[in-house]
>>> print(open('structure-v5.csv').read())   # CSV, C-alpha atoms
chain,number,residue,atom,x,y,z
I,3,MET,CA,14.1,-4.6,-4.9
I,4,LEU,CA,13.4,-8.4,-5.2
I,5,ASN,CA,17.0,-9.6,-4.9
I,6,ASN,CA,17.4,-12.0,-1.9
I,7,LYS,CA,13.7,-12.1,-1.5
I,8,THR,CA,11.2,-15.1,-1.7
I,9,ILE,CA,8.2,-14.4,-3.8
I,10,LEU,CA,5.0,-16.5,-4.0
I,11,ILE,CA,2.4,-16.2,-6.9
I,12,THR,CA,-1.0,-17.7,-6.3
I,13,GLY,CA,-2.4,-19.0,-9.6
I,14,GLY,CA,1.2,-18.9,-10.8
I,15,THR,CA,0.8,-21.2,-13.8
I,16,GLY,CA,-1.5,-18.8,-15.6
I,17,SER,CA,-0.4,-16.3,-18.3
I,18,PHE,CA,0.4,-13.6,-15.8
I,19,GLY,CA,2.2,-15.9,-13.5
I,20,LYS,CA,4.5,-17.3,-16.2
I,21,GLU,CA,5.3,-13.8,-17.5
I,22,PHE,CA,5.9,-12.4,-14.0
I,23,THR,CA,8.2,-15.3,-13.2
I,24,LYS,CA,10.2,-14.9,-16.4
I,25,THR,CA,10.5,-11.1,-15.8
I,26,VAL,CA,11.7,-11.4,-12.2
I,27,LEU,CA,14.3,-14.0,-13.1
I,28,GLU,CA,15.6,-11.7,-15.8
I,29,LYS,CA,15.5,-8.4,-13.8
I,30,TYR,CA,16.5,-9.8,-10.4
I,31,PRO,CA,19.1,-12.5,-11.0
I,32,ASP,CA,19.7,-12.7,-7.2
I,33,VAL,CA,16.1,-13.4,-6.3
I,34,LYS,CA,16.2,-16.0,-3.6
I,35,LYS,CA,13.2,-18.1,-4.6
I,36,ILE,CA,9.9,-18.0,-6.6
I,37,VAL,CA,7.1,-20.2,-5.3
I,38,ILE,CA,4.4,-21.2,-7.9
I,39,PHE,CA,1.3,-21.9,-5.9
I,40,SER,CA,-1.6,-23.4,-7.9
I,41,ARG,CA,-4.0,-26.4,-7.9
I,42,ASP,CA,-3.3,-27.9,-11.3
I,43,GLU,CA,-0.4,-30.4,-11.3
I,44,TYR,CA,-0.3,-30.7,-15.1
I,45,LYS,CA,0.1,-27.0,-15.6
I,46,GLN,CA,2.9,-27.0,-13.1
I,47,PHE,CA,4.5,-29.9,-15.0
I,48,VAL,CA,4.2,-27.9,-18.2
I,49,MET,CA,5.7,-24.8,-16.7
I,50,GLN,CA,8.6,-26.7,-15.1
I,51,ASN,CA,9.5,-27.9,-18.5
I,52,MET,CA,9.3,-24.7,-20.4
I,53,SER,CA,12.7,-23.7,-21.9
I,54,GLU,CA,12.8,-20.3,-20.2
I,55,PHE,CA,12.6,-21.9,-16.8
I,56,LYS,CA,14.7,-25.1,-17.1
I,57,SER,CA,17.9,-23.3,-16.3
I,58,HIS,CA,16.4,-21.7,-13.1
I,59,GLN,CA,15.1,-24.8,-11.4
I,60,GLU,CA,17.1,-24.2,-8.3
I,61,LYS,CA,15.1,-20.9,-7.7
I,62,LEU,CA,11.7,-22.3,-8.5
I,63,ARG,CA,9.4,-24.2,-6.2
I,64,PHE,CA,6.1,-25.7,-7.3
I,65,PHE,CA,3.5,-25.9,-4.6
I,66,ILE,CA,0.2,-27.7,-5.1
I,67,GLY,CA,-2.6,-26.0,-3.3
I,68,ASP,CA,-5.8,-24.0,-3.4
I,69,VAL,CA,-6.5,-20.5,-2.0
I,70,ARG,CA,-9.7,-22.0,-0.5
I,71,ASP,CA,-7.4,-24.2,1.8
I,72,LYS,CA,-6.2,-21.9,4.6
I,73,GLU,CA,-3.9,-24.5,6.2
I,74,ARG,CA,-2.1,-25.0,2.9
I,75,LEU,CA,-1.6,-21.3,2.5
I,76,TYR,CA,-0.1,-21.0,6.0
I,77,ARG,CA,2.4,-23.7,5.0
I,78,ALA,CA,3.2,-22.1,1.7
I,79,PHE,CA,3.6,-18.6,3.1
I,80,GLU,CA,6.3,-19.7,5.5
I,81,GLY,CA,9.4,-17.5,4.9
I,82,VAL,CA,7.8,-15.6,2.0
I,83,ASP,CA,8.6,-11.9,1.6
I,84,VAL,CA,6.2,-10.9,-1.3
I,85,VAL,CA,2.9,-12.4,-2.5
I,86,VAL,CA,1.3,-11.7,-5.8
I,87,HIS,CA,-2.3,-13.0,-5.7
I,88,ALA,CA,-3.4,-13.9,-9.2
I,89,ALA,CA,-5.6,-16.9,-8.5
I,90,ALA,CA,-9.3,-16.5,-9.3
I,91,LEU,CA,-12.3,-17.9,-11.2
I,92,LYS,CA,-12.4,-15.5,-14.1
I,93,GLN,CA,-14.8,-16.7,-16.7
I,94,VAL,CA,-18.0,-14.6,-16.5
I,95,PRO,CA,-20.5,-17.4,-17.7
I,96,ALA,CA,-18.9,-20.0,-15.4
I,97,CYS,CA,-19.2,-17.6,-12.4
I,98,GLU,CA,-22.8,-16.9,-13.2
I,99,TYR,CA,-23.6,-20.6,-13.4
I,100,ASN,CA,-21.5,-21.6,-10.3
I,101,PRO,CA,-21.9,-18.6,-8.0
I,102,PHE,CA,-21.1,-20.4,-4.8
I,103,GLU,CA,-17.8,-21.6,-6.3
I,104,ALA,CA,-16.9,-18.2,-7.5
I,105,ILE,CA,-17.5,-16.8,-3.9
I,106,LYS,CA,-15.4,-19.6,-2.3
I,107,THR,CA,-12.4,-18.8,-4.6
I,108,ASN,CA,-12.6,-15.1,-5.2
I,109,VAL,CA,-13.9,-13.9,-1.9
I,110,SER,CA,-13.1,-16.5,0.8
I,111,GLY,CA,-9.9,-17.3,-1.0
I,112,ALA,CA,-8.9,-13.6,-0.8
I,113,GLN,CA,-9.6,-13.5,2.9
I,114,ASN,CA,-7.5,-16.6,3.4
I,115,VAL,CA,-4.6,-15.0,1.6
I,116,ILE,CA,-4.9,-11.9,3.8
I,117,ASP,CA,-5.0,-13.9,7.0
I,118,ALA,CA,-2.1,-16.1,6.0
I,119,ALA,CA,0.0,-13.1,4.9
I,120,ILE,CA,-0.5,-11.2,8.2
I,121,ASP,CA,0.1,-14.2,10.4
I,122,LYS,CA,3.2,-15.3,8.5
I,123,LYS,CA,4.5,-11.8,8.4
I,124,VAL,CA,4.7,-11.4,4.6
I,125,LYS,CA,6.0,-7.9,3.9
I,126,ARG,CA,4.0,-7.0,0.7
I,127,VAL,CA,1.0,-8.4,-1.0
I,128,VAL,CA,-0.3,-7.2,-4.4
I,129,ALA,CA,-3.7,-8.6,-5.6
I,130,LEU,CA,-4.7,-8.6,-9.2
I,131,SER,CA,-8.1,-7.1,-10.0
I,132,THR,CA,-10.1,-6.6,-13.2
I,133,ASP,CA,-12.1,-3.9,-15.0
I,134,LYS,CA,-15.2,-5.9,-14.3
I,135,ALA,CA,-14.8,-5.0,-10.6
I,136,CYS,CA,-15.5,-1.4,-11.5
I,137,ALA,CA,-19.2,-0.8,-11.2
I,138,PRO,CA,-19.8,-4.6,-11.6
I,139,ILE,CA,-22.8,-5.9,-13.5
I,140,ASN,CA,-21.9,-9.6,-13.3
I,141,LEU,CA,-21.0,-12.0,-10.4
I,142,TYR,CA,-17.4,-12.3,-11.4
I,143,GLY,CA,-17.0,-8.5,-11.2
I,144,ALA,CA,-18.9,-8.4,-7.9
I,145,THR,CA,-16.7,-11.0,-6.3
I,146,LYS,CA,-13.6,-9.2,-7.5
I,147,LEU,CA,-14.8,-5.9,-6.1
I,148,CYS,CA,-15.4,-7.6,-2.8
I,149,SER,CA,-11.8,-9.1,-3.0
I,150,ASP,CA,-10.4,-5.6,-3.8
I,151,LYS,CA,-12.2,-4.2,-0.7
I,152,LEU,CA,-10.9,-7.0,1.5
I,153,PHE,CA,-7.3,-6.5,0.4
I,154,ILE,CA,-7.4,-2.7,1.0
I,155,ALA,CA,-9.0,-3.2,4.4
I,156,GLY,CA,-6.4,-5.8,5.2
I,157,ASN,CA,-4.0,-2.9,5.9
I,158,CYS,CA,-6.2,-2.0,9.0
I,159,TYR,CA,-5.7,-5.5,10.5
I,160,CYS,CA,-1.9,-5.5,10.5
I,161,GLY,CA,-1.4,-3.6,13.7
I,162,SER,CA,2.3,-2.8,14.2
I,163,GLN,CA,3.3,-5.4,11.6
I,164,GLU,CA,4.9,-4.4,8.3
I,165,THR,CA,2.5,-6.3,6.0
I,166,LYS,CA,1.1,-4.0,3.3
I,167,PHE,CA,-1.6,-4.8,0.8
I,168,ALA,CA,-2.3,-3.1,-2.6
I,169,VAL,CA,-4.4,-3.9,-5.7
I,170,VAL,CA,-3.6,-3.6,-9.4
I,171,ARG,CA,-6.6,-3.3,-11.7
I,172,TYR,CA,-6.3,-4.0,-15.4
I,173,GLY,CA,-8.6,-5.2,-18.2
I,174,ASN,CA,-8.3,-8.0,-20.7
I,175,VAL,CA,-4.7,-8.8,-21.8
I,176,ALA,CA,-4.3,-8.7,-25.6
I,177,GLY,CA,-3.5,-12.2,-27.0
I,178,SER,CA,-4.0,-14.0,-23.7
I,179,ARG,CA,-5.9,-17.2,-23.4
I,180,GLY,CA,-9.6,-16.4,-23.8
I,181,SER,CA,-9.1,-13.0,-25.3
I,182,VAL,CA,-10.8,-12.0,-28.6
I,183,ILE,CA,-7.6,-11.8,-30.7
I,184,PRO,CA,-6.8,-15.6,-30.7
I,185,PHE,CA,-10.6,-16.2,-31.1
I,186,PHE,CA,-10.7,-14.1,-34.2
I,187,GLN,CA,-7.5,-15.7,-35.5
I,188,LYS,CA,-9.0,-19.2,-34.9
I,189,LEU,CA,-12.1,-18.3,-36.9
I,190,VAL,CA,-9.9,-17.0,-39.8
I,191,ASN,CA,-7.9,-20.2,-39.8
I,192,GLU,CA,-11.1,-22.3,-39.9
I,193,GLY,CA,-12.2,-20.4,-43.0
I,194,ALA,CA,-14.9,-18.2,-41.5
I,195,LYS,CA,-16.7,-15.8,-43.9
I,196,GLU,CA,-17.4,-13.1,-41.2
I,197,LEU,CA,-16.3,-12.1,-37.7
I,198,PRO,CA,-18.8,-11.8,-34.9
I,199,ILE,CA,-18.9,-8.6,-32.8
I,200,THR,CA,-21.4,-8.2,-30.1
I,201,ASP,CA,-21.9,-4.4,-30.6
I,202,ILE,CA,-20.1,-2.2,-33.1
I,203,ARG,CA,-19.9,0.6,-30.6
I,204,MET,CA,-17.8,-1.5,-28.3
I,205,THR,CA,-14.3,-0.4,-27.2
I,206,ARG,CA,-11.6,-2.1,-25.2
I,207,PHE,CA,-8.3,-1.3,-23.6
I,208,TRP,CA,-5.1,-2.8,-25.2
I,209,LEU,CA,-2.9,-4.1,-22.5
I,210,LYS,CA,0.2,-6.2,-23.1
I,211,LEU,CA,1.1,-8.9,-20.6
I,212,GLU,CA,4.5,-7.3,-19.9
I,213,GLN,CA,2.7,-4.0,-19.0
I,214,ALA,CA,0.6,-5.9,-16.4
I,215,VAL,CA,3.8,-7.3,-15.0
I,216,GLU,CA,5.4,-3.8,-14.9
I,217,MET,CA,2.5,-2.4,-13.1
I,218,VAL,CA,2.7,-5.1,-10.4
I,219,LEU,CA,6.4,-4.5,-10.0
I,220,GLU,CA,5.7,-0.8,-9.6
I,221,ALA,CA,3.2,-1.5,-6.9
I,222,ILE,CA,5.5,-3.8,-5.0
I,223,LYS,CA,8.3,-1.1,-5.1
I,224,ASN,CA,6.3,2.0,-4.2
I,225,MET,CA,3.1,0.9,-2.3
I,226,GLN,CA,2.4,2.4,1.0
I,227,GLY,CA,-0.6,0.2,1.6
I,228,GLY,CA,-4.2,0.4,0.5
I,229,GLU,CA,-3.7,1.8,-3.0
I,230,LEU,CA,-5.5,0.6,-6.1
I,231,TYR,CA,-3.3,1.1,-9.2
I,232,VAL,CA,-4.7,1.6,-12.7
I,233,LYS,CA,-2.3,1.9,-15.6
I,234,LYS,CA,-2.8,4.3,-18.5
I,235,ILE,CA,-3.1,2.3,-21.7
I,236,PRO,CA,-4.5,2.9,-25.2
I,237,SER,CA,-8.0,2.0,-26.4
I,238,MET,CA,-9.2,0.2,-29.5
I,239,ARG,CA,-12.5,0.0,-31.3
I,240,MET,CA,-13.7,-3.6,-31.9
I,241,PRO,CA,-14.6,-3.1,-35.6
I,242,ASP,CA,-11.0,-1.8,-36.1
I,243,LEU,CA,-9.6,-4.9,-34.4
I,244,ALA,CA,-11.6,-7.1,-36.7
I,245,MET,CA,-10.2,-5.2,-39.7
I,246,ALA,CA,-6.7,-5.5,-38.3
I,247,VAL,CA,-7.0,-9.3,-38.0
I,248,ALA,CA,-9.0,-10.0,-41.2
I,249,PRO,CA,-9.4,-6.9,-43.5
I,250,ASN,CA,-11.3,-9.0,-46.1
I,251,LEU,CA,-14.0,-10.4,-43.8
I,252,LYS,CA,-17.4,-8.9,-43.1
I,253,ILE,CA,-18.4,-8.0,-39.5
I,254,LYS,CA,-21.6,-9.5,-38.1
I,255,GLU,CA,-23.2,-7.8,-35.1
I,256,ILE,CA,-24.6,-10.5,-32.8
I,257,GLY,CA,-25.8,-8.5,-29.8
I,258,ILE,CA,-24.3,-7.8,-26.4
I,259,ARG,CA,-23.9,-10.7,-24.1
I,260,PRO,CA,-25.1,-11.0,-20.5
I,261,GLY,CA,-22.7,-9.3,-18.1
I,262,GLU,CA,-20.9,-7.4,-20.9
I,263,LYS,CA,-20.3,-3.6,-21.1
I,264,ILE,CA,-20.0,-1.4,-24.2
I,265,HIS,CA,-16.8,0.2,-22.7
I,266,GLU,CA,-14.2,-1.3,-20.4
I,267,GLN,CA,-14.4,0.7,-17.1
I,268,MET,CA,-11.5,1.2,-14.7
I,269,ILE,CA,-12.3,4.3,-12.6
I,270,THR,CA,-15.9,5.5,-11.9
I,271,ARG,CA,-16.9,9.1,-11.3
I,272,GLU,CA,-17.6,8.2,-7.7
I,273,ASP,CA,-13.9,7.1,-7.3
I,274,ALA,CA,-12.7,10.5,-8.6
I,275,ARG,CA,-12.5,12.2,-5.3
I,276,ASN,CA,-10.0,9.6,-4.1
I,277,THR,CA,-8.0,9.3,-7.4
I,278,ILE,CA,-4.6,10.9,-8.1
I,279,ASP,CA,-2.8,11.1,-11.4
I,280,MET,CA,0.8,9.8,-11.3
I,281,GLY,CA,1.7,10.4,-14.9
I,282,GLU,CA,1.8,6.9,-16.4
I,283,TYR,CA,-0.9,5.5,-14.1
I,284,TYR,CA,-3.6,6.5,-11.6
I,285,ILE,CA,-3.9,5.5,-8.0
I,286,ILE,CA,-7.3,5.3,-6.2
I,287,LEU,CA,-6.6,5.9,-2.5
I,288,PRO,CA,-8.7,4.1,0.1
I,289,GLU,CA,-11.9,5.7,1.4
I,290,ILE,CA,-11.5,4.1,4.7
I,291,ASN,CA,-9.1,5.6,7.2
I,292,ILE,CA,-5.9,3.4,7.6
I,293,GLU,CA,-4.5,5.0,10.8
I,294,HIS,CA,-0.8,4.1,10.5
I,295,ILE,CA,-0.4,5.2,6.8
I,296,ASN,CA,0.2,8.8,5.9
I,297,TYR,CA,0.1,8.9,2.0
I,298,LYS,CA,2.8,11.0,0.5
I,299,TYR,CA,2.9,11.3,-3.3
I,300,PRO,CA,4.8,14.6,-4.0
I,301,ASN,CA,4.4,14.4,-7.8
I,302,ALA,CA,0.7,13.4,-7.8
I,303,LYS,CA,-2.1,15.6,-9.2
I,304,PRO,CA,-5.8,15.2,-8.1
I,305,VAL,CA,-8.2,14.5,-10.9
I,306,SER,CA,-11.3,16.6,-11.5
I,307,ASP,CA,-14.5,15.8,-9.6
I,308,ASP,CA,-16.3,14.6,-12.7
I,309,PHE,CA,-13.4,12.4,-13.9
I,310,GLU,CA,-14.0,8.8,-15.0
I,311,TYR,CA,-11.7,6.5,-16.9
I,312,HIS,CA,-13.0,4.0,-19.4
I,313,SER,CA,-12.0,2.7,-22.9
I,314,GLY,CA,-14.6,5.0,-24.6
I,315,ASN,CA,-13.3,8.3,-23.2
I,316,ASN,CA,-9.6,7.6,-23.5
I,317,ASP,CA,-7.2,10.1,-25.0
I,318,ARG,CA,-5.0,7.3,-26.4
I,319,TRP,CA,-6.2,5.3,-29.3
I,320,LEU,CA,-4.8,2.6,-31.6
I,321,SER,CA,-5.3,2.7,-35.3
I,322,VAL,CA,-5.9,-0.4,-37.5
I,323,GLU,CA,-2.3,-0.3,-38.6
I,324,ASP,CA,-1.1,0.1,-35.0
I,325,MET,CA,-3.0,-3.1,-34.0
I,326,ARG,CA,-1.6,-5.0,-37.0
I,327,LYS,CA,1.9,-4.3,-35.8
I,328,LEU,CA,1.1,-5.2,-32.2
I,329,ILE,CA,-0.6,-8.4,-33.2
I,330,LYS,CA,2.6,-9.5,-35.0
I,331,ASP,CA,4.4,-9.0,-31.7
I,332,LEU,CA,2.1,-11.1,-29.7
>>> encode(input="structure-v5.csv", output="structure tokens")
Amino acid sequence: MLNNKTILITGGTGSFGKEFTKTVLEKYPDVKKIVIFSRDEYKQFVMQNMSEFKSHQEKLRFFIGDVRDKERLYRAFEGVDVVVHAAALKQVPACEYNPFEAIKTNVSGAQNVIDAAIDKKVKRVVALSTDKACAPINLYGATKLCSDKLFIAGNCYCGSQETKFAVVRYGNVAGSRGSVIPFFQKLVNEGAKELPITDIRMTRFWLKLEQAVEMVLEAIKNMQGGELYVKKIPSMRMPDLAMAVAPNLKIKEIGIRPGEKIHEQMITREDARNTIDMGEYYIILPEINIEHINYKYPNAKPVSDDFEYHSGNNDRWLSVEDMRKLIKDL
């Protein structure tokens, strides 16, 4: 699928970008080139010198640039076959405090990627989304919902060209930078007497980084254009996670934070009429009419009209022992 292809990853020095690059190099030894597009020269330097990438330098290109800079994107997209758009401002409080900056990167940056991909005849583009884009209650989620809509509508602007756009939505990745597991572990290492939980009713999905990468590869392989992919993954209860990390510590409920939900939401009831069940994942098909695409999924099943998918109504749950085992693997 990706052999003899040139792939570009925006925000490529992040957790996803590094794991995606490593996976592609392992699964597709004849990949032509992987371009790491990001704005932080130090992170690029660190990634270049990671042991898993040192032997692949002839296939890696490190391109300094910002998705806000359309001219730079046009230069970077020259000769690229596949783009994975992972660049975004992602911290909820930072986006609330710097809303104009969030819009410039997450919305205007998305439009720049779409324009550059069409004009440079990129074949396939997959944009990464977030659970916070589903019925958003904070600015980060609102900008990502707008980004999702832009990428899906991008399929209407391609004309007779072969450029296709799709979106992959997933929640917080377990163990990634900024997630709750390393935060809990840090508190334990510092000798904390209790672990803070905003609300004991809170649930979250458990997504491993490699699962996020697998879903993006699935989208690249099978996308027809305009789909929003949601992977089926297990849920966990936050008090159970605290017990898995530190069974001897007390839990302190500190109150829900601004912009936070009790359950991590992926598909709303309003999305149900456009959602199909593919077995291991769901696809939300576009509401808008994309004239040149006739969706064919012979193994798909429509979901019920009152269907919704969030971490609180899941049929897959992790026990405390399950989480202990998974934490050891992180």
>>> residues_around(input="structure-v5.csv", residues="Arg203 of chain I", least_positions_apart="6", cutoff="10 Å", atoms="all atoms listed in the file", output="list of chain:residue names")
I:Arg239, I:Met240, I:Pro241, I:Ile264, I:His265, I:Gly314
>>> closest_residue(input="structure-v5.csv", among="I:Met245, I:Val128, I:Ile154, I:Met238", to="Asn224 of chain I", atoms="only C-alpha atoms")
I:Val128
>>> atom_distance(input="structure-v5.csv", atom1="atom CA of Ala246 of chain I", atom2="atom CA of Val190 of chain I")
12.0 Å
>>> closest_residue(input="structure-v5.csv", among="I:Ser53, I:Asn6, I:Asn114, I:Thr107", to="Lys35 of chain I", atoms="only C-alpha atoms")
I:Asn6
>>> closest_residue(input="structure-v5.csv", among="I:Gly16, I:Lys56, I:Glu103, I:Gly227", to="Tyr44 of chain I", atoms="all atoms listed in the file")
I:Gly16
>>> closest_residue(input="structure-v5.csv", among="I:Asn276, I:Ser17, I:Asn316, I:Gln267", to="Ala302 of chain I", atoms="all atoms listed in the file")
I:Asn276
>>> atom_distance(input="structure-v5.csv", atom1="atom CA of Glu282 of chain I", atom2="atom CA of Val124 of chain I")
28.0 Å
>>> atom_distance(input="structure-v5.csv", atom1="atom CA of Ile199 of chain I", atom2="atom CA of Leu91 of chain I")
24.4 Å
>>> closest_residue(input="structure-v5.csv", among="I:Ala112, I:Ile36, I:Ala104, I:Val26", to="His87 of chain I", atoms="all atoms listed in the file")
I:Ala112
>>> residues_around(input="structure-v5.csv", residues="Ala129 of chain I", least_positions_apart="5", cutoff="7 Å", atoms="only C-alpha atoms", output="PyMOL selection string")
chain I and resi 86-88+168-170
>>> closest_residue(input="structure-v5.csv", among="I:Phe65, I:Tyr297, I:Trp208, I:Phe309", to="Val175 of chain I", atoms="only C-alpha atoms")
I:Trp208
>>> residues_near_point(input="structure-v5.csv", point="(-22.6, -2.4, -20.3)", cutoff="12 Å", atoms="all atoms listed in the file", output="PyMOL selection string")
chain I and resi 133-134+136-140+200-201+203-205+257-267+312+314
>>> residues_around(input="structure-v5.csv", residues="Lys195 of chain I", least_positions_apart="4", cutoff="9 Å", atoms="only C-alpha atoms", output="list of chain:residue names")
I:Leu189, I:Val190, I:Asn250, I:Leu251, I:Lys252
>>> residues_near_point(input="structure-v5.csv", point="(20.1, -10.5, -8.2)", cutoff="8 Å", atoms="all atoms listed in the file", output="PyMOL selection string")
chain I and resi 4-6+29-33
>>> residues_around(input="structure-v5.csv", residues="Phe167 of chain I", least_positions_apart="2", cutoff="9 Å", atoms="only C-alpha atoms", output="PDB file with C-alpha atoms, in the coordinates of the input")
ATOM      1  CA  ILE I 116      -4.900 -11.900   3.800  1.00  0.00           C
ATOM      2  CA  LYS I 125       6.000  -7.900   3.900  1.00  0.00           C
ATOM      3  CA  ARG I 126       4.000  -7.000   0.700  1.00  0.00           C
ATOM      4  CA  VAL I 127       1.000  -8.400  -1.000  1.00  0.00           C
ATOM      5  CA  VAL I 128      -0.300  -7.200  -4.400  1.00  0.00           C
ATOM      6  CA  ALA I 129      -3.700  -8.600  -5.600  1.00  0.00           C
ATOM      7  CA  PHE I 153      -7.300  -6.500   0.400  1.00  0.00           C
ATOM      8  CA  ILE I 154      -7.400  -2.700   1.000  1.00  0.00           C
ATOM      9  CA  ALA I 155      -9.000  -3.200   4.400  1.00  0.00           C
ATOM     10  CA  GLY I 156      -6.400  -5.800   5.200  1.00  0.00           C
ATOM     11  CA  ASN I 157      -4.000  -2.900   5.900  1.00  0.00           C
ATOM     12  CA  THR I 165       2.500  -6.300   6.000  1.00  0.00           C
ATOM     13  CA  VAL I 169      -4.400  -3.900  -5.700  1.00  0.00           C
ATOM     14  CA  MET I 225       3.100   0.900  -2.300  1.00  0.00           C
ATOM     15  CA  GLN I 226       2.400   2.400   1.000  1.00  0.00           C
ATOM     16  CA  GLY I 227      -0.600   0.200   1.600  1.00  0.00           C
ATOM     17  CA  GLY I 228      -4.200   0.400   0.500  1.00  0.00           C
ATOM     18  CA  GLU I 229      -3.700   1.800  -3.000  1.00  0.00           C
TER      19      GLU I 229
END
>>> residues_around(input="structure-v5.csv", residues="His294 of chain I", least_positions_apart="3", cutoff="9 Å", atoms="all atoms listed in the file", output="PyMOL selection string")
chain I and resi 157-158+161-162
>>> decode(input="structure-v5.csv", residues="segment 274-288 of chain I", atoms="N, CA, C and O atoms", output="tab-separated table (two decimals), in the first residue's frame")
chain	number	residue	atom	x	y	z
I	274	ALA	N	-26.05	9.24	14.25
I	274	ALA	CA	-26.41	7.83	14.06
I	274	ALA	C	-26.96	7.54	12.68
I	274	ALA	O	-26.67	6.49	12.09
I	275	ARG	N	-27.74	8.47	12.14
I	275	ARG	CA	-28.37	8.20	10.84
I	275	ARG	C	-27.36	8.07	9.70
I	275	ARG	O	-27.67	7.56	8.63
I	276	ASN	N	-26.13	8.55	9.95
I	276	ASN	CA	-25.08	8.46	8.93
I	276	ASN	C	-23.97	7.49	9.31
I	276	ASN	O	-22.94	7.44	8.64
I	277	THR	N	-24.17	6.72	10.40
I	277	THR	CA	-23.11	5.86	10.92
I	277	THR	C	-23.33	4.41	10.53
I	277	THR	O	-24.45	3.90	10.63
I	278	ILE	N	-22.25	3.76	10.11
I	278	ILE	CA	-22.30	2.33	9.80
I	278	ILE	C	-21.29	1.59	10.67
I	278	ILE	O	-20.24	2.13	11.04
I	279	ASP	N	-21.62	0.35	10.99
I	279	ASP	CA	-20.79	-0.51	11.83
I	279	ASP	C	-19.98	-1.43	10.93
I	279	ASP	O	-20.53	-2.24	10.17
I	280	MET	N	-18.65	-1.31	11.02
I	280	MET	CA	-17.75	-2.11	10.18
I	280	MET	C	-17.12	-3.27	10.94
I	280	MET	O	-16.19	-3.90	10.46
I	281	GLY	N	-17.62	-3.57	12.13
I	281	GLY	CA	-17.08	-4.68	12.92
I	281	GLY	C	-16.10	-4.20	13.98
I	281	GLY	O	-16.42	-4.15	15.16
I	282	GLU	N	-14.89	-3.81	13.56
I	282	GLU	CA	-13.88	-3.33	14.50
I	282	GLU	C	-13.87	-1.82	14.63
I	282	GLU	O	-13.12	-1.27	15.43
I	283	TYR	N	-14.66	-1.16	13.81
I	283	TYR	CA	-14.73	0.30	13.88
I	283	TYR	C	-16.03	0.78	13.25
I	283	TYR	O	-16.73	0.02	12.58
I	284	TYR	N	-16.36	2.05	13.52
I	284	TYR	CA	-17.51	2.70	12.91
I	284	TYR	C	-17.03	3.69	11.85
I	284	TYR	O	-15.90	4.20	11.92
I	285	ILE	N	-17.90	3.98	10.91
I	285	ILE	CA	-17.66	5.05	9.95
I	285	ILE	C	-18.87	5.98	9.96
I	285	ILE	O	-20.00	5.52	9.83
I	286	ILE	N	-18.61	7.27	10.16
I	286	ILE	CA	-19.65	8.28	9.98
I	286	ILE	C	-19.52	8.80	8.56
I	286	ILE	O	-18.50	9.40	8.20
I	287	LEU	N	-20.52	8.55	7.74
I	287	LEU	CA	-20.51	9.01	6.36
I	287	LEU	C	-20.94	10.48	6.31
I	287	LEU	O	-21.68	10.94	7.18
I	288	PRO	N	-20.49	11.22	5.32
I	288	PRO	CA	-20.79	12.66	5.28
I	288	PRO	C	-22.26	12.95	5.04
I	288	PRO	O	-22.94	12.24	4.30
